[in-house]
Each structure stands twice: as C-alpha cells, then as structure tokens.
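Have a look at data23.json below; it lists JSON, C-alpha atoms.
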```json
[["chain", "number", "residue", "atom", "x", "y", "z"],
["A", 2, "MET", "CA", -17.35, 6.23, -4.65],
["A", 3, "THR", "CA", -13.93, 5.34, -6.02],
["A", 4, "ARG", "CA", -10.95, 6.95, -4.33],
["A", 5, "VAL", "CA", -7.79, 7.71, -6.31],
["A", 6, "GLY", "CA", -4.25, 7.59, -4.91],
["A", 7, "VAL", "CA", -0.71, 8.06, -6.17],
["A", 8, "VAL", "CA", 2.56, 6.50, -5.02],
["A", 9, "LEU", "CA", 5.40, 8.75, -3.86],
["A", 10, "PRO", "CA", 8.78, 7.62, -5.28],
["A", 11, "THR", "CA", 10.63, 6.76, -2.07],
["A", 12, "ARG", "CA", 12.69, 4.19, -3.98],
["A", 13, "GLY", "CA", 12.74, 6.04, -7.26],
["A", 14, "LEU", "CA", 14.68, 8.92, -5.72],
["A", 15, "LEU", "CA", 17.45, 6.53, -4.69],
["A", 16, "ILE", "CA", 17.52, 4.87, -8.10],
["A", 17, "SER", "CA", 17.77, 8.17, -9.91],
["A", 18, "GLY", "CA", 20.29, 9.66, -7.48],
["A", 19, "GLN", "CA", 17.98, 12.51, -6.45],
["A", 20, "THR", "CA", 18.31, 12.13, -2.68],
["A", 21, "SER", "CA", 19.96, 15.56, -2.47],
["A", 22, "ASP", "CA", 16.53, 17.11, -3.01],
["A", 23, "LEU", "CA", 14.07, 15.20, -0.86],
["A", 24, "GLY", "CA", 11.82, 18.25, -0.71],
["A", 25, "GLN", "CA", 10.49, 17.31, -4.14],
["A", 26, "LEU", "CA", 8.90, 14.23, -2.55],
["A", 27, "LEU", "CA", 6.85, 16.41, -0.24],
["A", 28, "GLU", "CA", 6.03, 18.81, -3.06],
["A", 29, "LEU", "CA", 4.58, 15.90, -5.02],
["A", 30, "ALA", "CA", 2.28, 15.12, -2.11],
["A", 31, "VAL", "CA", 1.26, 18.77, -1.77],
["A", 32, "ARG", "CA", 0.58, 19.03, -5.49],
["A", 33, "ALA", "CA", -1.43, 15.79, -5.46],
["A", 34, "GLU", "CA", -3.58, 17.16, -2.64],
["A", 35, "GLN", "CA", -4.13, 20.39, -4.59],
["A", 36, "MET", "CA", -5.30, 18.36, -7.60],
["A", 37, "GLY", "CA", -7.86, 16.50, -5.52],
["A", 38, "VAL", "CA", -6.03, 13.17, -5.28],
["A", 39, "ASP", "CA", -7.41, 11.21, -2.33],
["A", 40, "GLY", "CA", -4.30, 9.39, -1.11],
["A", 41, "ALA", "CA", -0.48, 9.54, -1.04],
["A", 42, "TRP", "CA", 1.06, 6.08, -0.73],
["A", 43, "VAL", "CA", 4.59, 4.78, -0.10],
["A", 44, "GLY", "CA", 6.21, 1.37, -0.49],
["A", 45, "ASP", "CA", 8.50, -0.51, 1.86],
["A", 46, "SER", "CA", 11.69, -2.54, 1.80],
["A", 47, "LEU", "CA", 14.68, -2.69, 4.12],
["A", 48, "THR", "CA", 17.68, -3.88, 2.11],
["A", 49, "ALA", "CA", 16.38, -5.85, -0.90],
["A", 50, "LYS", "CA", 14.94, -2.75, -2.63],
["A", 51, "PRO", "CA", 16.39, 0.15, -0.58],
["A", 52, "ARG", "CA", 14.27, 3.25, -0.16],
["A", 53, "LEU", "CA", 13.32, 5.90, 2.36],
["A", 54, "GLU", "CA", 11.62, 4.56, 5.50],
["A", 55, "PRO", "CA", 7.88, 4.74, 4.79],
["A", 56, "LEU", "CA", 6.38, 5.83, 8.11],
["A", 57, "SER", "CA", 8.94, 8.61, 8.51],
["A", 58, "VAL", "CA", 8.09, 9.88, 5.03],
["A", 59, "LEU", "CA", 4.37, 9.81, 5.77],
["A", 60, "SER", "CA", 4.94, 11.78, 8.97],
["A", 61, "ALA", "CA", 6.65, 14.49, 6.92],
["A", 62, "VAL", "CA", 3.81, 14.40, 4.38],
["A", 63, "ALA", "CA", 1.28, 14.68, 7.22],
["A", 64, "ALA", "CA", 2.98, 17.88, 8.39],
["A", 65, "ARG", "CA", 2.82, 19.45, 4.91],
["A", 66, "THR", "CA", -0.74, 18.47, 3.97],
["A", 67, "ARG", "CA", -4.20, 18.70, 5.46],
["A", 68, "THR", "CA", -6.66, 16.35, 3.76],
["A", 69, "ILE", "CA", -4.92, 13.77, 1.58],
["A", 70, "GLY", "CA", -4.98, 10.22, 2.91],
["A", 71, "LEU", "CA", -1.71, 8.50, 3.84],
["A", 72, "GLY", "CA", -1.09, 4.85, 2.98],
["A", 73, "THR", "CA", 1.53, 2.12, 2.82],
["A", 74, "SER", "CA", 1.53, -0.08, -0.25],
["A", 75, "VAL", "CA", 2.58, -2.29, 1.30],
["A", 76, "LEU", "CA", 4.39, -2.29, 4.63],
["A", 77, "LEU", "CA", 6.42, -5.43, 5.31],
["A", 78, "ALA", "CA", 4.98, -5.63, 8.80],
["A", 79, "PRO", "CA", 6.61, -8.99, 9.71],
["A", 80, "LEU", "CA", 9.99, -7.21, 9.69],
["A", 81, "ARG", "CA", 8.81, -5.24, 12.74],
["A", 82, "HIS", "CA", 7.73, -5.86, 16.32],
["A", 83, "PRO", "CA", 4.02, -5.16, 16.80],
["A", 84, "VAL", "CA", 4.39, -3.00, 19.91],
["A", 85, "LEU", "CA", 6.90, -0.68, 18.24],
["A", 86, "LEU", "CA", 4.79, -0.66, 15.08],
["A", 87, "ALA", "CA", 1.65, 0.14, 17.06],
["A", 88, "GLN", "CA", 3.35, 3.09, 18.77],
["A", 89, "THR", "CA", 4.74, 4.52, 15.53],
["A", 90, "THR", "CA", 1.52, 4.15, 13.55],
["A", 91, "ALA", "CA", -0.67, 5.46, 16.38],
["A", 92, "THR", "CA", 1.53, 8.54, 16.57],
["A", 93, "LEU", "CA", 1.40, 9.05, 12.80],
["A", 94, "ASN", "CA", -2.37, 8.62, 12.80],
["A", 95, "LEU", "CA", -2.81, 11.23, 15.52],
["A", 96, "LEU", "CA", -0.39, 13.67, 13.85],
["A", 97, "SER", "CA", -2.30, 13.36, 10.58],
["A", 98, "GLY", "CA", -5.75, 13.67, 12.11],
["A", 99, "GLY", "CA", -6.72, 10.05, 11.40],
["A", 100, "ARG", "CA", -5.60, 9.85, 7.76],
["A", 101, "LEU", "CA", -3.55, 6.63, 7.90],
["A", 102, "THR", "CA", -4.30, 3.43, 6.00],
["A", 103, "LEU", "CA", -1.90, 0.62, 6.78],
["A", 104, "GLY", "CA", -1.56, -1.71, 3.81],
["A", 105, "MET", "CA", 0.51, -4.70, 4.90],
["A", 106, "GLY", "CA", 1.90, -7.83, 3.28],
["A", 107, "VAL", "CA", 4.43, -10.61, 3.66],
["A", 108, "GLY", "CA", 6.69, -9.48, 0.84],
["A", 109, "GLY", "CA", 8.87, -12.05, -0.89],
["A", 110, "ALA", "CA", 11.75, -14.38, -0.15],
["A", 111, "PHE", "CA", 12.31, -15.53, -3.72],
["A", 112, "ASN", "CA", 15.96, -14.56, -4.16],
["A", 113, "GLU", "CA", 19.08, -14.00, -2.09],
["A", 114, "ALA", "CA", 18.50, -10.25, -1.71],
["A", 115, "GLN", "CA", 15.00, -10.78, -0.34],
["A", 116, "GLN", "CA", 16.07, -13.59, 1.96],
["A", 117, "GLY", "CA", 18.92, -11.43, 3.20],
["A", 118, "GLU", "CA", 16.46, -8.68, 4.08],
["A", 119, "TRP", "CA", 14.65, -10.98, 6.50],
["A", 120, "ARG", "CA", 17.90, -12.28, 7.97],
["A", 121, "ALA", "CA", 19.11, -8.71, 8.52],
["A", 122, "ALA", "CA", 16.00, -8.08, 10.63],
["A", 123, "GLY", "CA", 16.45, -11.35, 12.54],
["A", 124, "VAL", "CA", 13.29, -12.89, 11.07],
["A", 125, "ASP", "CA", 12.95, -16.34, 9.59],
["A", 126, "PRO", "CA", 11.37, -15.69, 6.16],
["A", 127, "ARG", "CA", 9.38, -18.92, 6.47],
["A", 128, "GLN", "CA", 7.49, -17.36, 9.37],
["A", 129, "ARG", "CA", 6.51, -14.08, 7.75],
["A", 130, "GLY", "CA", 2.90, -15.13, 7.05],
["A", 131, "SER", "CA", 2.16, -16.28, 10.60],
["A", 132, "ARG", "CA", 3.91, -13.20, 12.00],
["A", 133, "LEU", "CA", 1.71, -10.98, 9.84],
["A", 134, "ALA", "CA", -1.44, -12.71, 11.11],
["A", 135, "GLU", "CA", -0.45, -12.04, 14.73],
["A", 136, "ILE", "CA", 0.53, -8.43, 14.00],
["A", 137, "ALA", "CA", -2.78, -7.77, 12.25],
["A", 138, "GLN", "CA", -4.59, -9.08, 15.32],
["A", 139, "LEU", "CA", -2.48, -7.11, 17.78],
["A", 140, "LEU", "CA", -2.41, -3.67, 16.20],
["A", 141, "PRO", "CA", -6.08, -2.72, 16.76],
["A", 142, "GLN", "CA", -5.86, -3.96, 20.33],
["A", 143, "LEU", "CA", -2.73, -1.94, 21.02],
["A", 144, "TRP", "CA", -4.18, 1.10, 19.24],
["A", 145, "SER", "CA", -7.05, 1.07, 21.73],
["A", 146, "GLY", "CA", -4.67, 2.20, 24.46],
["A", 147, "SER", "CA", -5.88, -0.54, 26.79],
["A", 148, "PRO", "CA", -3.55, -3.18, 28.24],
["A", 149, "VAL", "CA", -3.16, -6.15, 25.90],
["A", 150, "SER", "CA", -2.35, -9.73, 26.81],
["A", 151, "PHE", "CA", -1.62, -12.10, 23.97],
["A", 152, "MET", "CA", -0.02, -15.53, 23.71],
["A", 153, "GLY", "CA", 0.99, -16.32, 20.13],
["A", 154, "ARG", "CA", 3.55, -18.31, 18.25],
["A", 155, "HIS", "CA", 5.79, -15.28, 17.74],
["A", 156, "PHE", "CA", 4.67, -12.60, 20.18],
["A", 157, "CYS", "CA", 3.74, -12.88, 23.84],
["A", 158, "LEU", "CA", 2.41, -9.79, 25.61],
["A", 159, "GLU", "CA", 1.23, -9.42, 29.19],
["A", 160, "ASP", "CA", -0.71, -6.28, 30.08],
["A", 161, "VAL", "CA", 1.12, -4.21, 27.48],
["A", 162, "SER", "CA", -0.17, -0.73, 26.68],
["A", 163, "ILE", "CA", 1.29, 2.03, 24.52],
["A", 164, "GLY", "CA", -0.54, 4.46, 26.79],
["A", 165, "TYR", "CA", -2.72, 6.27, 24.27],
["A", 166, "GLU", "CA", -5.20, 5.59, 21.49],
["A", 167, "ALA", "CA", -4.58, 5.77, 17.76],
["A", 168, "GLY", "CA", -7.83, 7.74, 17.62],
["A", 169, "ASP", "CA", -9.79, 9.68, 20.21],
["A", 170, "GLY", "CA", -12.88, 7.57, 19.60],
["A", 171, "VAL", "CA", -14.89, 10.45, 18.12],
["A", 172, "GLN", "CA", -12.98, 12.57, 15.60],
["A", 173, "VAL", "CA", -9.94, 10.45, 14.77],
["A", 174, "PRO", "CA", -10.59, 6.86, 13.66],
["A", 175, "GLN", "CA", -8.10, 4.07, 14.03],
["A", 176, "PRO", "CA", -6.03, 3.36, 10.91],
["A", 177, "ARG", "CA", -7.57, 1.04, 8.36],
["A", 178, "ILE", "CA", -5.74, -2.25, 7.87],
["A", 179, "LEU", "CA", -5.54, -3.65, 4.33],
["A", 180, "LEU", "CA", -3.84, -6.99, 3.74],
["A", 181, "ALA", "CA", -2.24, -7.96, 0.43],
["A", 182, "CYS", "CA", -4.15, -10.60, -1.53],
["A", 183, "HIS", "CA", -3.29, -11.94, -4.99],
["A", 184, "SER", "CA", -4.56, -14.60, -7.34],
["A", 185, "GLY", "CA", -2.76, -17.88, -7.83],
["A", 186, "GLU", "CA", -2.20, -21.27, -6.30],
["A", 187, "GLY", "CA", -1.50, -21.51, -2.59],
["A", 188, "ARG", "CA", -2.93, -18.10, -1.69],
["A", 189, "GLU", "CA", -5.69, -19.36, 0.62],
["A", 190, "ARG", "CA", -3.89, -18.14, 3.74],
["A", 191, "GLN", "CA", -3.78, -14.63, 2.34],
["A", 192, "TYR", "CA", -7.54, -14.67, 1.87],
["A", 193, "GLU", "CA", -8.08, -16.13, 5.34],
["A", 194, "ARG", "CA", -5.95, -13.43, 7.01],
["A", 195, "ALA", "CA", -7.72, -10.63, 5.17],
["A", 196, "ALA", "CA", -11.14, -12.07, 5.97],
["A", 197, "ARG", "CA", -10.42, -12.44, 9.67],
["A", 198, "PHE", "CA", -8.16, -9.56, 10.58],
["A", 199, "ALA", "CA", -8.39, -6.75, 8.00],
["A", 200, "ASP", "CA", -10.64, -3.88, 7.03],
["A", 201, "GLY", "CA", -9.91, -4.57, 3.38],
["A", 202, "LEU", "CA", -7.53, -5.98, 0.80],
["A", 203, "ILE", "CA", -4.93, -4.52, -1.52],
["A", 204, "SER", "CA", -3.77, -6.22, -4.72],
["A", 205, "ILE", "CA", -1.29, -5.68, -7.55],
["A", 206, "THR", "CA", -0.65, -7.17, -11.03],
["A", 207, "ASP", "CA", -3.88, -9.19, -11.24],
["A", 208, "SER", "CA", -6.21, -8.63, -14.18],
["A", 209, "PRO", "CA", -9.65, -7.17, -13.39],
["A", 210, "GLU", "CA", -11.12, -10.66, -13.70],
["A", 211, "GLU", "CA", -8.54, -12.13, -11.31],
["A", 212, "PHE", "CA", -9.03, -9.24, -8.89],
["A", 213, "ALA", "CA", -12.80, -9.79, -8.86],
["A", 214, "LYS", "CA", -12.29, -13.47, -8.12],
["A", 215, "VAL", "CA", -9.87, -12.80, -5.28],
["A", 216, "ARG", "CA", -12.23, -10.24, -3.77],
["A", 217, "SER", "CA", -15.12, -12.67, -3.99],
["A", 218, "GLN", "CA", -13.12, -15.41, -2.27],
["A", 219, "VAL", "CA", -12.11, -13.09, 0.57],
["A", 220, "LEU", "CA", -15.69, -11.93, 1.07],
["A", 221, "ASP", "CA", -16.88, -15.54, 1.09],
["A", 222, "LYS", "CA", -14.39, -16.37, 3.83],
["A", 223, "ARG", "CA", -15.41, -13.23, 5.69],
["A", 224, "SER", "CA", -19.01, -14.39, 5.79],
["A", 225, "GLN", "CA", -17.87, -17.77, 7.07],
["A", 226, "VAL", "CA", -16.31, -16.12, 10.12],
["A", 227, "ASN", "CA", -19.39, -13.91, 10.64],
["A", 228, "ARG", "CA", -17.75, -10.64, 9.65],
["A", 229, "PRO", "CA", -19.91, -8.26, 7.59],
["A", 230, "ALA", "CA", -19.07, -7.51, 3.96],
["A", 231, "GLY", "CA", -20.25, -3.93, 4.41],
["A", 232, "GLY", "CA", -17.38, -1.51, 4.91],
["A", 233, "PHE", "CA", -14.79, -3.91, 3.54],
["A", 234, "HIS", "CA", -12.36, -1.97, 1.31],
["A", 235, "SER", "CA", -10.86, -3.21, -1.95],
["A", 236, "THR", "CA", -7.80, -1.41, -3.31],
["A", 237, "PHE", "CA", -5.92, -2.05, -6.54],
["A", 238, "TYR", "CA", -2.39, -0.77, -7.25],
["A", 239, "MET", "CA", -1.53, 0.01, -10.90],
["A", 240, "THR", "CA", 1.85, 0.84, -12.46],
["A", 241, "VAL", "CA", 1.60, 3.21, -15.42],
["A", 242, "ASN", "CA", 3.59, 5.50, -17.68],
["A", 243, "LEU", "CA", 1.47, 8.21, -19.25],
["A", 244, "ASN", "CA", 2.64, 9.05, -22.75],
["A", 245, "PRO", "CA", 0.63, 9.06, -26.01],
["A", 246, "ASP", "CA", 3.73, 7.63, -27.67],
["A", 247, "GLU", "CA", 3.17, 3.98, -26.73],
["A", 248, "ALA", "CA", 6.65, 2.86, -27.81],
["A", 249, "ALA", "CA", 8.36, 5.55, -25.76],
["A", 250, "ALA", "CA", 6.16, 4.74, -22.76],
["A", 251, "ALA", "CA", 6.93, 1.03, -23.03],
["A", 252, "ASN", "CA", 10.68, 1.64, -23.32],
["A", 253, "GLU", "CA", 10.83, 3.97, -20.34],
["A", 254, "SER", "CA", 8.63, 1.68, -18.28],
["A", 255, "ASP", "CA", 10.77, -1.34, -19.05],
["A", 256, "ALA", "CA", 13.93, 0.53, -18.03],
["A", 257, "TRP", "CA", 12.26, 1.79, -14.86],
["A", 258, "VAL", "CA", 10.96, -1.64, -13.80],
["A", 259, "ARG", "CA", 14.37, -3.23, -14.45],
["A", 260, "ALA", "CA", 16.10, -0.56, -12.37],
["A", 261, "TYR", "CA", 13.51, -0.96, -9.62],
["A", 262, "TYR", "CA", 13.42, -4.76, -9.43],
["A", 263, "GLY", "CA", 16.55, -5.86, -11.29],
["A", 264, "VAL", "CA", 14.47, -7.65, -13.91],
["A", 265, "ASN", "CA", 11.16, -7.04, -15.67],
["A", 266, "PHE", "CA", 9.74, -10.36, -14.51],
["A", 267, "TRP", "CA", 6.13, -9.19, -14.72],
["A", 268, "GLY", "CA", 6.22, -8.41, -18.44],
["A", 269, "ASP", "CA", 3.06, -6.76, -19.73],
["A", 270, "ARG", "CA", 1.15, -7.43, -16.49],
["A", 271, "TRP", "CA", 2.49, -4.06, -15.32],
["A", 272, "GLY", "CA", 0.59, -1.16, -16.68],
["A", 273, "PRO", "CA", -1.01, -0.49, -19.02],
["A", 274, "PHE", "CA", 1.57, 1.97, -20.29],
["A", 275, "GLY", "CA", 1.07, 4.94, -22.56],
["A", 276, "ASP", "CA", -2.23, 6.09, -23.95],
["A", 277, "PRO", "CA", -4.22, 7.82, -21.15],
["A", 278, "GLN", "CA", -7.50, 6.48, -22.48],
["A", 279, "ARG", "CA", -6.17, 2.94, -22.22],
["A", 280, "VAL", "CA", -5.02, 3.62, -18.66],
["A", 281, "LEU", "CA", -8.43, 5.02, -17.81],
["A", 282, "GLU", "CA", -10.28, 2.06, -19.31],
["A", 283, "ARG", "CA", -8.08, -0.35, -17.38],
["A", 284, "ALA", "CA", -8.73, 1.52, -14.12],
["A", 285, "ARG", "CA", -12.45, 1.46, -14.78],
["A", 286, "GLY", "CA", -12.16, -2.30, -15.27],
["A", 287, "TYR", "CA", -10.93, -2.64, -11.70],
["A", 288, "VAL", "CA", -13.71, -0.40, -10.43],
["A", 289, "GLU", "CA", -16.23, -2.65, -12.15],
["A", 290, "ALA", "CA", -14.47, -5.62, -10.54],
["A", 291, "GLY", "CA", -15.12, -4.14, -7.09],
["A", 292, "ALA", "CA", -12.22, -1.80, -6.34],
["A", 293, "ASP", "CA", -13.22, 1.25, -4.30],
["A", 294, "GLU", "CA", -9.71, 2.70, -4.51],
["A", 295, "ILE", "CA", -7.15, 2.75, -7.33],
["A", 296, "VAL", "CA", -3.54, 3.64, -6.51],
["A", 297, "PHE", "CA", -1.28, 4.69, -9.40],
["A", 298, "ARG", "CA", 2.50, 4.32, -9.47],
["A", 299, "PHE", "CA", 4.36, 6.16, -12.22],
["A", 300, "ALA", "CA", 7.07, 4.10, -13.95],
["A", 301, "ALA", "CA", 9.07, 7.15, -14.99],
["A", 302, "LYS", "CA", 12.02, 9.26, -13.88],
["A", 303, "ASP", "CA", 10.13, 12.57, -14.08],
["A", 304, "GLN", "CA", 7.47, 11.98, -11.46],
["A", 305, "ARG", "CA", 6.21, 15.57, -11.44],
["A", 306, "ALA", "CA", 5.56, 15.50, -15.17],
["A", 307, "GLN", "CA", 3.68, 12.21, -14.82],
["A", 308, "LEU", "CA", 1.60, 13.62, -11.97],
["A", 309, "GLU", "CA", 0.66, 16.67, -14.05],
["A", 310, "LEU", "CA", -0.36, 14.47, -17.01],
["A", 311, "PHE", "CA", -2.32, 12.28, -14.61],
["A", 312, "GLY", "CA", -4.10, 15.34, -13.26],
["A", 313, "GLU", "CA", -4.95, 16.47, -16.78],
["A", 314, "TRP", "CA", -5.88, 13.20, -18.49],
["A", 315, "VAL", "CA", -6.93, 10.58, -15.94],
["A", 316, "LEU", "CA", -7.94, 12.04, -12.58],
["A", 317, "PRO", "CA", -10.80, 14.25, -13.84],
["A", 318, "ALA", "CA", -12.38, 11.35, -15.71],
["A", 319, "LEU", "CA", -12.21, 9.05, -12.69],
["A", 320, "LYS", "CA", -13.63, 11.75, -10.42],
["A", 321, "SER", "CA", -16.47, 12.38, -12.85],
["A", 322, "ASP", "CA", -17.39, 8.69, -12.60],
["A", 323, "ARG", "CA", -18.20, 9.03, -8.92]]
```
What do you get writing this file as structure tokens?
Amino acid sequence: MTRVGVVLPTRGLLISGQTSDLGQLLELAVRAEQMGVDGAWVGDSLTAKPRLEPLSVLSAVAARTRTIGLGTSVLLAPLRHPVLLAQTTATLNLLSGGRLTLGMGVGGAFNEAQQGEWRAAGVDPRQRGSRLAEIAQLLPQLWSGSPVSFMGRHFCLEDVSIGYEAGDGVQVPQPRILLACHSGEGRERQYERAARFADGLISITDSPEEFAKVRSQVLDKRSQVNRPAGGFHSTFYMTVNLNPDEAAAANESDAWVRAYYGVNFWGDRWGPFGDPQRVLERARGYVEAGADEIVFRFAAKDQRAQLELFGEWVLPALKSDR
C-alpha cells in the first residue's frame, strides 16, 4: 500500500516573510490529517538554507494531531551529536505515540554557503558521510535505553544511556530510519550505508527508472550483508505545483525554486509542474518503480491552496490505487 505525505514549508515561511503567523504551519498539518494524508514532513538546514528547526516543528505538529506520520526529509544528521539527537528524537517519538520517521542524509558542501554551514557546526564537511554512518548505527542502540559502548572514528561512547526507550517495546515502535540514496557516479557509499544501517531509503530528483535502479542496488547490497529485503521502505520526494495552466505553474515553480536554492540548477528534473493528471501519472511511475511512499512538496507561495488542490485532484486517485 502506497503512503502519501506532504512537506510543511518550514523554509518557505521564511522566504515569503510569513513568520509572524507560524500557526498556519500547524493548520496545514491538521488539514492534511483531516484529508487522509499519511505523513507530514519537514526539511533541514542550519545556515545555508535557513528555516525553522525541524524536530521542534514536528513536536508542535505532534501536539496538534493524532494519526498523521511525522518525518524529516531529510535531517542533516552529521551536523548533530548522536547522543543529543537520540534524546531529542526518542522524546519526539514518545510524544507522538511512535509516529516518527527519521529520514537522514549528508547534505551538500558544493558552495561556500553549504561549506559554511558545516564549519558553523564545527564539522569537517569531508567527514559528513562517515559521521552519518556512525550516527545511523548508534541511534537504534541509544533508543533502546540500554547502556551503549562504541568506539568509532568520530564518536566514542562508554556505557552511555539516555535512560529511556524511544518505544515501549509493545505499542510504540522505534522511529524508522531512512537514508538518502540517489543515482549517479560515486554513490556506492550511500547504497552501502542504507543497506547496512537503515530501514529504508529516501530519494529525490531521480526519474522512475533511476529510482528503480538505485532501489535494486541497495537491496542487492542488503542481501550481501544478510539483511532481509522484507520490510525495507522506499520513499520518493516530489516537488510539484498544481495548476492546469502549465505556463503559470512553470513560472511560479521556477521563481520558487530560485528563491529556495538561489538557482534553478535542477531544471525540469523538479516536478512535474501543472496538470494534476501529469503529476498523478508521474507519482504512479515511482510506485511502479518500487516506492511505497510518495512525499509531495509544493513549489508555491500559497501552500494552503496547493494542499486543497492536492486533496481534490491527486490524493483521492492515489488512495484509490491502494
């Protein structure tokens, strides 16, 4: 069964100067839950793409909702210390009744702003991949509540316990861990990390064919390390602008992406934009490629209007496919 999620605009509010009314962010999550959306997701960045802190936002969403899943897409975990991250996420998971999915990735260090983000956190950007691997190993151990001893390249723990479990072992499961995986040269370490340490993968920008190939490679590596393919989750993150006027949708999307990233360096790999039927067909392409969850981000200033159009045009069709 395919789950459907939406991204809450924790950066979009800053871009559009709407931080004086943060309640609208929570209202979006409440409305999404009312519509039957399965997950509310938030992105992450410290200084390169400033936004509201993701785990704080999800805690507020948890207090206002009852059933909708909570996810990070994706958390730049290497910016954080695993013990502090384990405590925060275990608390959030308990507060939400076990609704947390922790999508994590290494982020980028491709320009001065991104490199400065890592320096501001006291992290060498060249080490972000190996830090993520250790964090992904440590979190489930720390979530167990038992003392953890670990000797790694970046983190050394001796009988460390956060004192409580992320779940009670019966009613509240531990958070799921998804690790970012993308197609392209030099991505083998991503696939290896996801195969060894994650409950699933999360991807963005790849075509359905590329996504299927990445998923297959991760599952192959998972079998090599004797981890079962069953229960492995595959999530794809789409950026869309719902508007039957394709030209208007493309123009607004381009302006939104440029404001968000500074440049529209992905071109038409974002999207598709516009026609709801085209959006739906693209989403179904990812489902056929193996995605069991599709997360939609709206490239538009009026997020509520996009959510309502999504609930009218796209969500019912995807739910009927189940």
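Distance annotation: of A:Trp42, A:Tyr262, A:Phe151, A:Trp119, the residue with the minimal separation from A:Val107 is A:Trp119; atom set is all atoms listed in the file.
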Rows by chain and residue number, stretch 133-203 of chain A within 10 Å of stretch 92-99 of chain A, shortest pair, all atoms listed in the file, as JSON lines:
```
{"residue": "A:Trp144", "atom": "CA", "partner": "A:Thr92", "partner_atom": "CA", "distance": 9.8}
{"residue": "A:Tyr165", "atom": "CA", "partner": "A:Thr92", "partner_atom": "CA", "distance": 9.1}
{"residue": "A:Glu166", "atom": "CA", "partner": "A:Leu95", "partner_atom": "CA", "distance": 8.6}
{"residue": "A:Ala167", "atom": "CA", "partner": "A:Asn94", "partner_atom": "CA", "distance": 6.1}
{"residue": "A:Gly168", "atom": "CA", "partner": "A:Leu95", "partner_atom": "CA", "distance": 6.5}
{"residue": "A:Asp169", "atom": "CA", "partner": "A:Leu95", "partner_atom": "CA", "distance": 8.6}
{"residue": "A:Gln172", "atom": "CA", "partner": "A:Gly99", "partner_atom": "CA", "distance": 7.9}
{"residue": "A:Val173", "atom": "CA", "partner": "A:Gly99", "partner_atom": "CA", "distance": 4.7}
{"residue": "A:Pro174", "atom": "CA", "partner": "A:Gly99", "partner_atom": "CA", "distance": 5.5}
{"residue": "A:Gln175", "atom": "CA", "partner": "A:Gly99", "partner_atom": "CA", "distance": 6.7}
{"residue": "A:Pro176", "atom": "CA", "partner": "A:Asn94", "partner_atom": "CA", "distance": 6.7}
{"residue": "A:Arg177", "atom": "CA", "partner": "A:Gly99", "partner_atom": "CA", "distance": 9.5}
```
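Nearest to A:Arg194 of all the residues A:Thr11, A:Gln138, A:Gln278, A:Thr236 is A:Gln138, based on only C-alpha atoms.
Non-sequential neighbours of A:Ala292 (distance at most 10 Å, separation of 5 or more positions within a chain, all atoms listed in the file) are Met2, Thr3, Arg4, Leu202, Ile203, Ser204, Pro209, Phe212, Ala213, Arg216, His234, Ser235, Thr236, Phe237, Tyr238, Ala284, Arg285, Gly286 and Tyr287 of chain A.
Across A:Val161, A:Val219, A:Ala300, A:Leu76, the tightest approach to A:Asn265 is made by A:Ala300 when counting only C-alpha atoms.
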Notebook entry, point to check: Which value, in Å to one decimal, gives the distance between atom CA of A:Leu143 and atom CA of A:Gly6?
Noted result: 27.7 Å
Margin query: When you count all atoms listed in the file, which of these residues is closest to A:Ala64: A:Leu80, A:Leu27, A:Leu310, A:Ala248?
Written below: A:Leu27
Item checked: Using only C-alpha atoms: which of A:Gly275, A:Gly268, A:Gly187, A:Gly231 has the shortest distance to A:Asn244 -> A:Gly275
Notebook entry, point to check: Any idea what the distance is between atom CA of A:Thr68 and atom CA of A:Gly24?
Noted result: 19.1 Å
Per residue of stretch 95-173 of chain A within 10 Å of stretch 50-61 of chain A, record the nearest atom pair and its distance in Å to one decimal, counting all atoms listed in the file, with rows in chain order and ascending residue number, as CSV.
```
residue,atom,partner,partner_atom,distance
A:Leu96,CA,A:Ser60,CA,7.5
A:Ser97,CA,A:Ser60,CA,7.6
A:Leu101,CA,A:Leu59,CA,8.8
A:Leu103,CA,A:Leu56,CA,9.9
A:Ala114,CA,A:Lys50,CA,8.4
A:Gln115,CA,A:Lys50,CA,8.4
A:Glu118,CA,A:Lys50,CA,9.1
```
Checklist line | Å distance separating atom CA of A:Ala199 from atom CA of A:Gly104, one decimal place | finding: 9.5 Å
Note to self: Could you list, as a ChimeraX atom specification, every residue within 12 Å of A:Ala33, counting all atoms listed in the file and ignoring same-chain residues fewer than 3 positions away?
What the structure shows: /A:5-9,26-30,36-42,62,65-71,297,304-313,316
Check: Quick one: residues within 12 Å of A:Leu158, all atoms listed in the file counted, chain neighbours fewer than 6 positions away excluded, as a VMD selection string?
Finding: chain A and resid 82 to 84 135 to 136 139 142 to 143 148 to 152
